[in-house]
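S.K.: File protein.pdb follows (PDB, C-alpha atoms):
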MODEL        1
ATOM      1  CA  MET A   1      -8.401  28.058   3.853  1.00  0.00           C
ATOM      2  CA  PRO A   2      -9.537  24.467   3.105  1.00  0.00           C
ATOM      3  CA  THR A   3      -7.695  21.799   5.069  1.00  0.00           C
ATOM      4  CA  LYS A   4      -7.788  18.013   5.227  1.00  0.00           C
ATOM      5  CA  THR A   5      -6.581  15.270   7.515  1.00  0.00           C
ATOM      6  CA  LEU A   6      -5.310  12.435   5.330  1.00  0.00           C
ATOM      7  CA  ARG A   7      -3.804   8.958   5.445  1.00  0.00           C
ATOM      8  CA  VAL A   8      -0.903   8.436   3.063  1.00  0.00           C
ATOM      9  CA  PRO A   9      -0.222   4.819   2.028  1.00  0.00           C
ATOM     10  CA  THR A  10       3.446   3.915   2.444  1.00  0.00           C
ATOM     11  CA  ALA A  11       5.548   0.779   2.144  1.00  0.00           C
ATOM     12  CA  ASP A  12       5.265   0.329   5.917  1.00  0.00           C
ATOM     13  CA  GLY A  13       1.629   1.264   6.546  1.00  0.00           C
ATOM     14  CA  HIS A  14      -0.173   4.605   6.492  1.00  0.00           C
ATOM     15  CA  ALA A  15       1.147   8.009   7.514  1.00  0.00           C
ATOM     16  CA  ASP A  16      -1.326  10.487   8.909  1.00  0.00           C
ATOM     17  CA  ALA A  17      -0.917  13.920   7.343  1.00  0.00           C
ATOM     18  CA  PHE A  18      -2.322  17.443   7.266  1.00  0.00           C
ATOM     19  CA  ALA A  19      -2.983  19.304   4.024  1.00  0.00           C
ATOM     20  CA  ALA A  20      -3.889  22.927   3.277  1.00  0.00           C
ATOM     21  CA  PHE A  21      -4.654  24.435  -0.120  1.00  0.00           C
ATOM     22  CA  PRO A  22      -6.193  27.546  -1.719  1.00  0.00           C
ATOM     23  CA  ASP A  23      -9.943  28.023  -1.494  1.00  0.00           C
ATOM     24  CA  ARG A  24     -10.377  29.316  -5.024  1.00  0.00           C
ATOM     25  CA  GLY A  25     -10.549  25.920  -6.692  1.00  0.00           C
ATOM     26  CA  GLY A  26      -8.389  24.768  -9.559  1.00  0.00           C
ATOM     27  CA  ARG A  27      -5.045  22.970  -9.383  1.00  0.00           C
ATOM     28  CA  HIS A  28      -1.947  24.310  -7.668  1.00  0.00           C
ATOM     29  CA  PRO A  29       1.766  23.528  -7.337  1.00  0.00           C
ATOM     30  CA  GLY A  30       2.514  20.982  -4.631  1.00  0.00           C
ATOM     31  CA  VAL A  31       4.767  21.477  -1.618  1.00  0.00           C
ATOM     32  CA  LEU A  32       5.828  18.718   0.770  1.00  0.00           C
ATOM     33  CA  MET A  33       6.516  20.227   4.208  1.00  0.00           C
ATOM     34  CA  TYR A  34       8.426  18.299   6.868  1.00  0.00           C
ATOM     35  CA  ALA A  35       7.802  19.287  10.490  1.00  0.00           C
ATOM     36  CA  ASP A  36      10.530  19.681  13.075  1.00  0.00           C
ATOM     37  CA  GLY A  37      11.099  17.002  15.690  1.00  0.00           C
ATOM     38  CA  PHE A  38       8.065  18.090  17.707  1.00  0.00           C
ATOM     39  CA  GLY A  39       5.856  17.055  14.805  1.00  0.00           C
ATOM     40  CA  ILE A  40       2.485  18.178  13.492  1.00  0.00           C
ATOM     41  CA  ARG A  41       0.822  20.644  15.869  1.00  0.00           C
ATOM     42  CA  PRO A  42      -1.005  23.987  15.662  1.00  0.00           C
ATOM     43  CA  VAL A  43       2.041  26.044  14.637  1.00  0.00           C
ATOM     44  CA  LEU A  44       2.813  23.684  11.727  1.00  0.00           C
ATOM     45  CA  ARG A  45      -0.803  23.737  10.603  1.00  0.00           C
ATOM     46  CA  GLU A  46      -0.762  27.518  10.668  1.00  0.00           C
ATOM     47  CA  MET A  47       2.464  27.639   8.612  1.00  0.00           C
ATOM     48  CA  ALA A  48       0.940  25.244   6.077  1.00  0.00           C
ATOM     49  CA  ARG A  49      -2.161  27.436   5.829  1.00  0.00           C
ATOM     50  CA  GLU A  50       0.002  30.534   5.397  1.00  0.00           C
ATOM     51  CA  LEU A  51       1.908  28.917   2.543  1.00  0.00           C
ATOM     52  CA  ALA A  52      -1.298  27.619   0.961  1.00  0.00           C
ATOM     53  CA  GLY A  53      -2.597  31.176   0.957  1.00  0.00           C
ATOM     54  CA  HIS A  54       0.133  32.021  -1.549  1.00  0.00           C
ATOM     55  CA  GLY A  55      -1.213  29.501  -4.043  1.00  0.00           C
ATOM     56  CA  TYR A  56       0.226  26.120  -3.038  1.00  0.00           C
ATOM     57  CA  TYR A  57      -1.122  22.732  -1.989  1.00  0.00           C
ATOM     58  CA  VAL A  58       0.858  21.885   1.156  1.00  0.00           C
ATOM     59  CA  LEU A  59       1.156  18.352   2.542  1.00  0.00           C
ATOM     60  CA  VAL A  60       2.598  17.881   6.056  1.00  0.00           C
ATOM     61  CA  PRO A  61       3.144  14.193   6.895  1.00  0.00           C
ATOM     62  CA  ASN A  62       3.738  12.702  10.318  1.00  0.00           C
ATOM     63  CA  SER A  63       7.290  11.457   9.796  1.00  0.00           C
ATOM     64  CA  PHE A  64       7.072   9.175  12.837  1.00  0.00           C
ATOM     65  CA  TYR A  65       3.819   7.441  11.890  1.00  0.00           C
ATOM     66  CA  ARG A  66       5.344   4.016  12.534  1.00  0.00           C
ATOM     67  CA  HIS A  67       5.036   4.826  16.234  1.00  0.00           C
ATOM     68  CA  GLY A  68       1.442   6.086  16.020  1.00  0.00           C
ATOM     69  CA  PRO A  69      -0.559   9.090  14.809  1.00  0.00           C
ATOM     70  CA  ALA A  70       0.369  12.654  15.726  1.00  0.00           C
ATOM     71  CA  PRO A  71       0.681  13.922  18.350  1.00  0.00           C
ATOM     72  CA  LEU A  72       2.859  11.076  19.549  1.00  0.00           C
ATOM     73  CA  ILE A  73       3.345  12.702  22.933  1.00  0.00           C
ATOM     74  CA  GLU A  74       1.406  15.379  24.750  1.00  0.00           C
ATOM     75  CA  LEU A  75       2.952  18.762  24.046  1.00  0.00           C
ATOM     76  CA  PRO A  76       2.385  21.951  26.020  1.00  0.00           C
ATOM     77  CA  GLU A  77       0.980  24.953  24.161  1.00  0.00           C
ATOM     78  CA  HIS A  78       4.375  26.583  24.596  1.00  0.00           C
ATOM     79  CA  ILE A  79       7.480  24.389  24.515  1.00  0.00           C
ATOM     80  CA  GLY A  80       9.690  26.400  26.853  1.00  0.00           C
ATOM     81  CA  GLU A  81      13.252  25.646  27.817  1.00  0.00           C
ATOM     82  CA  GLU A  82      12.097  24.239  31.143  1.00  0.00           C
ATOM     83  CA  VAL A  83      10.216  21.385  29.429  1.00  0.00           C
ATOM     84  CA  ARG A  84      12.259  21.007  26.246  1.00  0.00           C
ATOM     85  CA  PRO A  85      14.808  18.465  27.630  1.00  0.00           C
ATOM     86  CA  ALA A  86      12.090  16.134  28.898  1.00  0.00           C
ATOM     87  CA  VAL A  87      10.131  16.404  25.651  1.00  0.00           C
ATOM     88  CA  PHE A  88      13.201  15.672  23.539  1.00  0.00           C
ATOM     89  CA  ALA A  89      14.158  12.740  25.749  1.00  0.00           C
ATOM     90  CA  ARG A  90      10.892  11.117  24.650  1.00  0.00           C
ATOM     91  CA  LEU A  91      11.187  12.127  21.010  1.00  0.00           C
ATOM     92  CA  MET A  92      14.839  11.323  20.387  1.00  0.00           C
ATOM     93  CA  PRO A  93      14.359   7.541  20.075  1.00  0.00           C
ATOM     94  CA  LEU A  94      11.806   8.187  17.322  1.00  0.00           C
ATOM     95  CA  ILE A  95      14.160  10.549  15.509  1.00  0.00           C
ATOM     96  CA  GLU A  96      17.041   8.086  15.785  1.00  0.00           C
ATOM     97  CA  ALA A  97      14.853   5.258  14.445  1.00  0.00           C
ATOM     98  CA  HIS A  98      13.921   7.321  11.384  1.00  0.00           C
ATOM     99  CA  THR A  99      16.945   6.371   9.299  1.00  0.00           C
ATOM    100  CA  ALA A 100      18.010   7.852   5.975  1.00  0.00           C
ATOM    101  CA  GLU A 101      16.693   4.725   4.260  1.00  0.00           C
ATOM    102  CA  ARG A 102      13.291   5.216   5.871  1.00  0.00           C
ATOM    103  CA  VAL A 103      13.229   8.879   4.905  1.00  0.00           C
ATOM    104  CA  ARG A 104      13.874   8.054   1.262  1.00  0.00           C
ATOM    105  CA  ARG A 105      11.345   5.221   1.210  1.00  0.00           C
ATOM    106  CA  ASP A 106       8.670   7.437   2.724  1.00  0.00           C
ATOM    107  CA  ALA A 107       9.555  10.330   0.436  1.00  0.00           C
ATOM    108  CA  ASP A 108       8.602   8.265  -2.581  1.00  0.00           C
ATOM    109  CA  ALA A 109       5.185   7.557  -1.054  1.00  0.00           C
ATOM    110  CA  TYR A 110       4.643  11.177  -0.026  1.00  0.00           C
ATOM    111  CA  LEU A 111       5.502  12.539  -3.474  1.00  0.00           C
ATOM    112  CA  ARG A 112       3.326  10.001  -5.263  1.00  0.00           C
ATOM    113  CA  PHE A 113       0.421  10.856  -2.974  1.00  0.00           C
ATOM    114  CA  LEU A 114       0.954  14.615  -3.245  1.00  0.00           C
ATOM    115  CA  THR A 115       1.073  14.687  -7.029  1.00  0.00           C
ATOM    116  CA  ALA A 116      -2.016  12.462  -7.273  1.00  0.00           C
ATOM    117  CA  GLN A 117      -4.251  14.881  -5.373  1.00  0.00           C
ATOM    118  CA  PRO A 118      -6.974  16.448  -7.550  1.00  0.00           C
ATOM    119  CA  GLU A 119      -6.034  19.935  -6.321  1.00  0.00           C
ATOM    120  CA  VAL A 120      -2.378  19.531  -7.386  1.00  0.00           C
ATOM    121  CA  GLY A 121      -1.324  20.477 -10.882  1.00  0.00           C
ATOM    122  CA  ALA A 122       1.117  18.691 -13.142  1.00  0.00           C
ATOM    123  CA  GLY A 123       4.772  19.596 -12.934  1.00  0.00           C
ATOM    124  CA  PRO A 124       7.558  19.559 -10.349  1.00  0.00           C
ATOM    125  CA  VAL A 125       7.072  20.050  -6.625  1.00  0.00           C
ATOM    126  CA  ALA A 126       9.014  21.689  -3.806  1.00  0.00           C
ATOM    127  CA  VAL A 127      10.074  20.341  -0.428  1.00  0.00           C
ATOM    128  CA  THR A 128      10.652  22.371   2.712  1.00  0.00           C
ATOM    129  CA  GLY A 129      11.538  21.363   6.237  1.00  0.00           C
ATOM    130  CA  TYR A 130      12.378  22.622   9.709  1.00  0.00           C
ATOM    131  CA  CYS A 131      15.051  21.369  12.101  1.00  0.00           C
ATOM    132  CA  ILE A 132      15.403  17.608  11.454  1.00  0.00           C
ATOM    133  CA  GLY A 133      12.747  18.059   8.780  1.00  0.00           C
ATOM    134  CA  GLY A 134      15.248  20.181   6.877  1.00  0.00           C
ATOM    135  CA  LEU A 135      17.507  17.160   6.592  1.00  0.00           C
ATOM    136  CA  TYR A 136      14.539  15.065   5.459  1.00  0.00           C
ATOM    137  CA  ALA A 137      13.799  17.702   2.810  1.00  0.00           C
ATOM    138  CA  MET A 138      17.340  17.542   1.462  1.00  0.00           C
ATOM    139  CA  ARG A 139      17.272  13.733   1.400  1.00  0.00           C
ATOM    140  CA  THR A 140      13.972  13.849  -0.481  1.00  0.00           C
ATOM    141  CA  ALA A 141      15.365  16.240  -3.079  1.00  0.00           C
ATOM    142  CA  ALA A 142      18.428  14.020  -3.512  1.00  0.00           C
ATOM    143  CA  ALA A 143      16.317  10.881  -3.930  1.00  0.00           C
ATOM    144  CA  HIS A 144      13.971  12.485  -6.478  1.00  0.00           C
ATOM    145  CA  PRO A 145      15.904  14.959  -8.617  1.00  0.00           C
ATOM    146  CA  ASP A 146      13.429  14.487 -11.477  1.00  0.00           C
ATOM    147  CA  ARG A 147      10.454  15.533  -9.349  1.00  0.00           C
ATOM    148  CA  VAL A 148      11.754  18.147  -6.892  1.00  0.00           C
ATOM    149  CA  ALA A 149      12.510  21.570  -8.349  1.00  0.00           C
ATOM    150  CA  ALA A 150      13.142  23.450  -5.109  1.00  0.00           C
ATOM    151  CA  VAL A 151      14.141  22.588  -1.562  1.00  0.00           C
ATOM    152  CA  ALA A 152      14.362  24.846   1.475  1.00  0.00           C
ATOM    153  CA  ALA A 153      15.628  23.895   4.920  1.00  0.00           C
ATOM    154  CA  PHE A 154      15.576  26.055   8.033  1.00  0.00           C
ATOM    155  CA  HIS A 155      17.722  25.539  11.138  1.00  0.00           C
ATOM    156  CA  GLY A 156      18.331  21.968   9.954  1.00  0.00           C
ATOM    157  CA  PRO A 157      21.407  19.690  10.230  1.00  0.00           C
ATOM    158  CA  VAL A 158      21.706  19.552   6.448  1.00  0.00           C
ATOM    159  CA  GLY A 159      25.409  18.684   6.333  1.00  0.00           C
ATOM    160  CA  VAL A 160      25.387  15.501   8.389  1.00  0.00           C
ATOM    161  CA  ASP A 161      25.195  13.198   5.351  1.00  0.00           C
ATOM    162  CA  GLY A 162      28.302  14.752   3.841  1.00  0.00           C
ATOM    163  CA  PRO A 163      28.887  16.203   0.368  1.00  0.00           C
ATOM    164  CA  GLY A 164      27.715  13.017  -1.334  1.00  0.00           C
ATOM    165  CA  LEU A 165      24.126  14.073  -0.631  1.00  0.00           C
ATOM    166  CA  PHE A 166      24.608  17.394  -2.417  1.00  0.00           C
ATOM    167  CA  ALA A 167      25.912  15.646  -5.530  1.00  0.00           C
ATOM    168  CA  GLU A 168      22.481  14.042  -6.032  1.00  0.00           C
ATOM    169  CA  ILE A 169      20.504  17.307  -5.838  1.00  0.00           C
ATOM    170  CA  THR A 170      19.432  19.175  -8.977  1.00  0.00           C
ATOM    171  CA  ALA A 171      16.824  21.389  -7.280  1.00  0.00           C
ATOM    172  CA  ARG A 172      17.404  25.020  -6.390  1.00  0.00           C
ATOM    173  CA  VAL A 173      18.222  25.194  -2.687  1.00  0.00           C
ATOM    174  CA  HIS A 174      17.816  27.725   0.104  1.00  0.00           C
ATOM    175  CA  LEU A 175      19.288  27.056   3.535  1.00  0.00           C
ATOM    176  CA  GLY A 176      18.419  29.366   6.415  1.00  0.00           C
ATOM    177  CA  HIS A 177      20.723  28.672   9.356  1.00  0.00           C
ATOM    178  CA  ALA A 178      20.398  29.764  12.962  1.00  0.00           C
ATOM    179  CA  GLU A 179      23.222  31.904  14.265  1.00  0.00           C
ATOM    180  CA  GLY A 180      23.531  29.511  17.170  1.00  0.00           C
ATOM    181  CA  ASP A 181      23.870  26.455  14.911  1.00  0.00           C
ATOM    182  CA  LEU A 182      26.632  27.429  12.510  1.00  0.00           C
ATOM    183  CA  THR A 183      29.770  29.540  12.676  1.00  0.00           C
ATOM    184  CA  PRO A 184      30.736  31.696   9.687  1.00  0.00           C
ATOM    185  CA  GLU A 185      33.637  29.305   9.068  1.00  0.00           C
ATOM    186  CA  ALA A 186      31.329  26.277   9.038  1.00  0.00           C
ATOM    187  CA  LEU A 187      28.960  28.143   6.719  1.00  0.00           C
ATOM    188  CA  ALA A 188      31.811  28.829   4.303  1.00  0.00           C
ATOM    189  CA  GLU A 189      32.741  25.128   4.270  1.00  0.00           C
ATOM    190  CA  LEU A 190      29.151  24.096   3.685  1.00  0.00           C
ATOM    191  CA  ASN A 191      28.708  26.554   0.841  1.00  0.00           C
ATOM    192  CA  GLN A 192      31.966  25.426  -0.758  1.00  0.00           C
ATOM    193  CA  ALA A 193      30.659  21.850  -0.718  1.00  0.00           C
ATOM    194  CA  LEU A 194      27.419  22.983  -2.367  1.00  0.00           C
ATOM    195  CA  ASP A 195      29.392  24.890  -4.999  1.00  0.00           C
ATOM    196  CA  ALA A 196      31.596  21.876  -5.660  1.00  0.00           C
ATOM    197  CA  ALA A 197      28.498  19.733  -6.190  1.00  0.00           C
ATOM    198  CA  GLY A 198      27.087  22.246  -8.666  1.00  0.00           C
ATOM    199  CA  VAL A 199      24.024  23.014  -6.520  1.00  0.00           C
ATOM    200  CA  GLU A 200      22.312  26.306  -7.316  1.00  0.00           C
ATOM    201  CA  HIS A 201      21.802  27.696  -3.848  1.00  0.00           C
ATOM    202  CA  THR A 202      21.544  30.477  -1.332  1.00  0.00           C
ATOM    203  CA  SER A 203      22.759  29.623   2.142  1.00  0.00           C
ATOM    204  CA  GLU A 204      22.961  32.125   4.970  1.00  0.00           C
ATOM    205  CA  ILE A 205      22.934  32.604   8.705  1.00  0.00           C
ATOM    206  CA  TYR A 206      19.882  34.532   9.902  1.00  0.00           C
ATOM    207  CA  PRO A 207      21.167  37.236  12.301  1.00  0.00           C
ATOM    208  CA  GLY A 208      20.208  37.058  15.936  1.00  0.00           C
ATOM    209  CA  THR A 209      18.571  33.630  15.717  1.00  0.00           C
ATOM    210  CA  THR A 210      18.895  30.425  17.688  1.00  0.00           C
ATOM    211  CA  HIS A 211      17.932  26.884  16.751  1.00  0.00           C
ATOM    212  CA  GLY A 212      14.191  26.624  16.104  1.00  0.00           C
ATOM    213  CA  PHE A 213      13.679  30.305  15.325  1.00  0.00           C
ATOM    214  CA  THR A 214      10.707  29.744  12.973  1.00  0.00           C
ATOM    215  CA  MET A 215       8.567  28.033  15.606  1.00  0.00           C
ATOM    216  CA  SER A 216       6.309  30.482  17.461  1.00  0.00           C
ATOM    217  CA  ASP A 217       5.456  27.938  20.178  1.00  0.00           C
ATOM    218  CA  THR A 218       9.053  27.753  21.459  1.00  0.00           C
ATOM    219  CA  ASP A 219      11.417  30.066  23.334  1.00  0.00           C
ATOM    220  CA  ALA A 220      13.663  30.084  20.247  1.00  0.00           C
ATOM    221  CA  PHE A 221      11.081  31.953  18.173  1.00  0.00           C
ATOM    222  CA  ASN A 222      12.369  35.028  16.397  1.00  0.00           C
ATOM    223  CA  ALA A 223       9.764  37.074  14.524  1.00  0.00           C
ATOM    224  CA  ALA A 224      12.353  38.696  12.254  1.00  0.00           C
ATOM    225  CA  GLY A 225      13.811  35.279  11.484  1.00  0.00           C
ATOM    226  CA  LEU A 226      10.400  33.894  10.569  1.00  0.00           C
ATOM    227  CA  GLU A 227       9.713  36.863   8.303  1.00  0.00           C
ATOM    228  CA  ARG A 228      13.099  36.431   6.615  1.00  0.00           C
ATOM    229  CA  HIS A 229      12.196  32.757   6.109  1.00  0.00           C
ATOM    230  CA  TRP A 230       9.058  33.774   4.167  1.00  0.00           C
ATOM    231  CA  GLU A 231      11.024  36.385   2.221  1.00  0.00           C
ATOM    232  CA  ARG A 232      13.412  33.664   1.042  1.00  0.00           C
ATOM    233  CA  LEU A 233      10.955  30.790   0.630  1.00  0.00           C
ATOM    234  CA  LEU A 234       8.166  32.435  -1.360  1.00  0.00           C
ATOM    235  CA  PRO A 235      10.321  33.832  -4.200  1.00  0.00           C
ATOM    236  CA  LEU A 236      12.103  30.471  -4.479  1.00  0.00           C
ATOM    237  CA  LEU A 237       8.784  28.678  -4.936  1.00  0.00           C
ATOM    238  CA  ASP A 238       7.464  31.308  -7.338  1.00  0.00           C
ATOM    239  CA  ARG A 239      10.556  30.971  -9.565  1.00  0.00           C
ATOM    240  CA  THR A 240      10.682  27.197  -9.603  1.00  0.00           C
ATOM    241  CA  LEU A 241       7.045  26.093  -9.460  1.00  0.00           C
ATOM    242  CA  LYS A 242       4.778  28.814 -10.780  1.00  0.00           C
ATOM    243  CA  ALA A 243       7.158  29.736 -13.613  1.00  0.00           C
ATOM    244  CA  SER A 244       7.183  26.112 -14.812  1.00  0.00           C
ATOM    245  CA  ARG A 245       3.391  25.998 -15.300  1.00  0.00           C
TER     246      ARG A 245
ENDMDL
END
Go through the file and emit its structure as structure tokens.
M.R.:
Amino acid sequence: MPTKTLRVPTADGHADAFAAFPDRGGRHPGVLMYADGFGIRPVLREMARELAGHGYYVLVPNSFYRHGPAPLIELPEHIGEEVRPAVFARLMPLIEAHTAERVRRDADAYLRFLTAQPEVGAGPVAVTGYCIGGLYAMRTAAAHPDRVAAVAAFHGPVGVDGPGLFAEITARVHLGHAEGDLTPEALAELNQALDAAGVEHTSEIYPGTTHGFTMSDTDAFNAAGLERHWERLLPLLDRTLKASR
């Protein structure tokens, strides 16, 4: 699977990024993938390659590029619960500094860069994200309803901006929640808000999962949850991106 390390020009500098795309040549639908708070690392590169293998050009930017290139801190091969608090203590200031305004400003740069790549075909794109990246994905879809046809967020705090965010989204949406993140009652409230905003969506709790279940380098990893994630994500992209070309 061909891959590239890239520098994306933004309003505030350059964001380093990883890209993966099919090896059969031609032009392919574009997908912007936001990493979780731990950032670009081997597991994210592998997920991008997996998605690219299904016929997509996948761009994974370093959301925290203002603080330096990825990796911003040294991460262990496995981010176990014994090291997670110390790792997050170092990452949280970066996450807190990455405001909604910054996310939207960067999203414009990322989408312009993605759609300008010679391997990316004309037409709408999709955005997906994990953990805090799920919130960034939703903000991107809200800021660019004319360009984003699908958005998927997994174990992300997608409701923190309130229902006003949903009102801006025209993309089809899938939300895959961790069982440990959302009660059935909270899920019902969230889905009612999506319905009220007219968002075409699926939104469900993945059984037996905890926060971070898609990430194989953490203790939260759940193989069944990751497989369910692919079972939801791939048909969404096929319907919205491949059908439009």
S.K.: Using only C-alpha atoms, determine which residues lie at most 8 Å from Asp217 of chain A, disregarding the query and same-chain residues fewer than 6 positions distant; provide the list as an MDAnalysis selection string.
M.R.: chainID A and resid 43 77:79
S.K.: Which residues fall under the PyMOL selection byres ((chain A and resi 207) around 8) in this file, as JSON, numbers by chain?
M.R.: {"A": [178, 179, 205, 206, 208, 209, 225]}
S.K.: If we count only C-alpha atoms, what is near segment 140-151 of chain A at a cut-off of 6 Å, once residues fewer than 6 positions away on the same chain are taken out, given as a list in words?
M.R.: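 Near neighbours after the sequence-gap exclusion: Ala107, Pro124, Val125, Ala126, Val127, Thr128, Glu168, Ile169, Thr170, Ala171, Arg172 and Val173 of chain A.
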S.K.: Give the answer as one residue: which of A:Leu175, A:Ala19, A:Ala86, A:Ala116 has the shortest atom-to-atom distance to Lys4 of chain A, using only C-alpha atoms?
M.R.: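 Once distances to Lys4 of chain A are computed over only C-alpha atoms, the minimum belongs to A:Ala19.
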S.K.: Can you measure atom CA of Gly176 of chain A to atom CA of Leu237 of chain A for me? One decimal in Å is fine.
M.R.: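 Straight-line distance from atom CA of Gly176 of chain A to atom CA of Leu237 of chain A works out to 14.9 Å.
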S.K.: For the structure provided, state which residues fall under the PyMOL selection byres ((chain A and resi 193) around 10), and present them as a PyMOL selection string.
M.R.: chain A and resi 159+162-164+166-167+187-192+194-199
S.K.: What gap, in Å, lies between atom CA of Tyr56 of chain A and atom CA of Ala152 of chain A?
M.R.: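 Distance between the two atoms: 14.9 Å.
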S.K.: Enter the distance from atom CA of Arg239 of chain A to atom CA of Gly156 of chain A, in Å, rounded to one decimal.
M.R.: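 Pair atom CA of Arg239 of chain A / atom CA of Gly156 of chain A returns 22.9 Å.
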S.K.: Would you pick out the contacts of segment 212-216 of chain A at 12 Å or less, using all atoms listed in the file, so that residues sharing its chain but fewer than 2 positions from it are not included, and give the list as a PyMOL selection string?
M.R.: chain A and resi 35-47+77-81+84+129-134+153-157+176-181+205-210+218-230
S.K.: Okay, now the selection with C-alpha atoms, as a PDB file, keeping the file's coordinate frame?
M.R.:
ATOM      1  CA  ALA A  35       7.802  19.287  10.490  1.00  0.00           C
ATOM      2  CA  ASP A  36      10.530  19.681  13.075  1.00  0.00           C
ATOM      3  CA  GLY A  37      11.099  17.002  15.690  1.00  0.00           C
ATOM      4  CA  PHE A  38       8.065  18.090  17.707  1.00  0.00           C
ATOM      5  CA  GLY A  39       5.856  17.055  14.805  1.00  0.00           C
ATOM      6  CA  ILE A  40       2.485  18.178  13.492  1.00  0.00           C
ATOM      7  CA  ARG A  41       0.822  20.644  15.869  1.00  0.00           C
ATOM      8  CA  PRO A  42      -1.005  23.987  15.662  1.00  0.00           C
ATOM      9  CA  VAL A  43       2.041  26.044  14.637  1.00  0.00           C
ATOM     10  CA  LEU A  44       2.813  23.684  11.727  1.00  0.00           C
ATOM     11  CA  ARG A  45      -0.803  23.737  10.603  1.00  0.00           C
ATOM     12  CA  GLU A  46      -0.762  27.518  10.668  1.00  0.00           C
ATOM     13  CA  MET A  47       2.464  27.639   8.612  1.00  0.00           C
ATOM     14  CA  GLU A  77       0.980  24.953  24.161  1.00  0.00           C
ATOM     15  CA  HIS A  78       4.375  26.583  24.596  1.00  0.00           C
ATOM     16  CA  ILE A  79       7.480  24.389  24.515  1.00  0.00           C
ATOM     17  CA  GLY A  80       9.690  26.400  26.853  1.00  0.00           C
ATOM     18  CA  GLU A  81      13.252  25.646  27.817  1.00  0.00           C
ATOM     19  CA  ARG A  84      12.259  21.007  26.246  1.00  0.00           C
ATOM     20  CA  GLY A 129      11.538  21.363   6.237  1.00  0.00           C
ATOM     21  CA  TYR A 130      12.378  22.622   9.709  1.00  0.00           C
ATOM     22  CA  CYS A 131      15.051  21.369  12.101  1.00  0.00           C
ATOM     23  CA  ILE A 132      15.403  17.608  11.454  1.00  0.00           C
ATOM     24  CA  GLY A 133      12.747  18.059   8.780  1.00  0.00           C
ATOM     25  CA  GLY A 134      15.248  20.181   6.877  1.00  0.00           C
ATOM     26  CA  ALA A 153      15.628  23.895   4.920  1.00  0.00           C
ATOM     27  CA  PHE A 154      15.576  26.055   8.033  1.00  0.00           C
ATOM     28  CA  HIS A 155      17.722  25.539  11.138  1.00  0.00           C
ATOM     29  CA  GLY A 156      18.331  21.968   9.954  1.00  0.00           C
ATOM     30  CA  PRO A 157      21.407  19.690  10.230  1.00  0.00           C
ATOM     31  CA  GLY A 176      18.419  29.366   6.415  1.00  0.00           C
ATOM     32  CA  HIS A 177      20.723  28.672   9.356  1.00  0.00           C
ATOM     33  CA  ALA A 178      20.398  29.764  12.962  1.00  0.00           C
ATOM     34  CA  GLU A 179      23.222  31.904  14.265  1.00  0.00           C
ATOM     35  CA  GLY A 180      23.531  29.511  17.170  1.00  0.00           C
ATOM     36  CA  ASP A 181      23.870  26.455  14.911  1.00  0.00           C
ATOM     37  CA  ILE A 205      22.934  32.604   8.705  1.00  0.00           C
ATOM     38  CA  TYR A 206      19.882  34.532   9.902  1.00  0.00           C
ATOM     39  CA  PRO A 207      21.167  37.236  12.301  1.00  0.00           C
ATOM     40  CA  GLY A 208      20.208  37.058  15.936  1.00  0.00           C
ATOM     41  CA  THR A 209      18.571  33.630  15.717  1.00  0.00           C
ATOM     42  CA  THR A 210      18.895  30.425  17.688  1.00  0.00           C
ATOM     43  CA  THR A 218       9.053  27.753  21.459  1.00  0.00           C
ATOM     44  CA  ASP A 219      11.417  30.066  23.334  1.00  0.00           C
ATOM     45  CA  ALA A 220      13.663  30.084  20.247  1.00  0.00           C
ATOM     46  CA  PHE A 221      11.081  31.953  18.173  1.00  0.00           C
ATOM     47  CA  ASN A 222      12.369  35.028  16.397  1.00  0.00           C
ATOM     48  CA  ALA A 223       9.764  37.074  14.524  1.00  0.00           C
ATOM     49  CA  ALA A 224      12.353  38.696  12.254  1.00  0.00           C
ATOM     50  CA  GLY A 225      13.811  35.279  11.484  1.00  0.00           C
ATOM     51  CA  LEU A 226      10.400  33.894  10.569  1.00  0.00           C
ATOM     52  CA  GLU A 227       9.713  36.863   8.303  1.00  0.00           C
ATOM     53  CA  ARG A 228      13.099  36.431   6.615  1.00  0.00           C
ATOM     54  CA  HIS A 229      12.196  32.757   6.109  1.00  0.00           C
ATOM     55  CA  TRP A 230       9.058  33.774   4.167  1.00  0.00           C
TER      56      TRP A 230
END
S.K.: Pick from A:His14, A:His98, A:Arg232, A:Arg139: nearest to Val160 of chain A, with all atoms listed in the file counted?
M.R.: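 Comparing A:His14, A:His98, A:Arg232, A:Arg139 against Val160 of chain A, the winner is A:Arg139.
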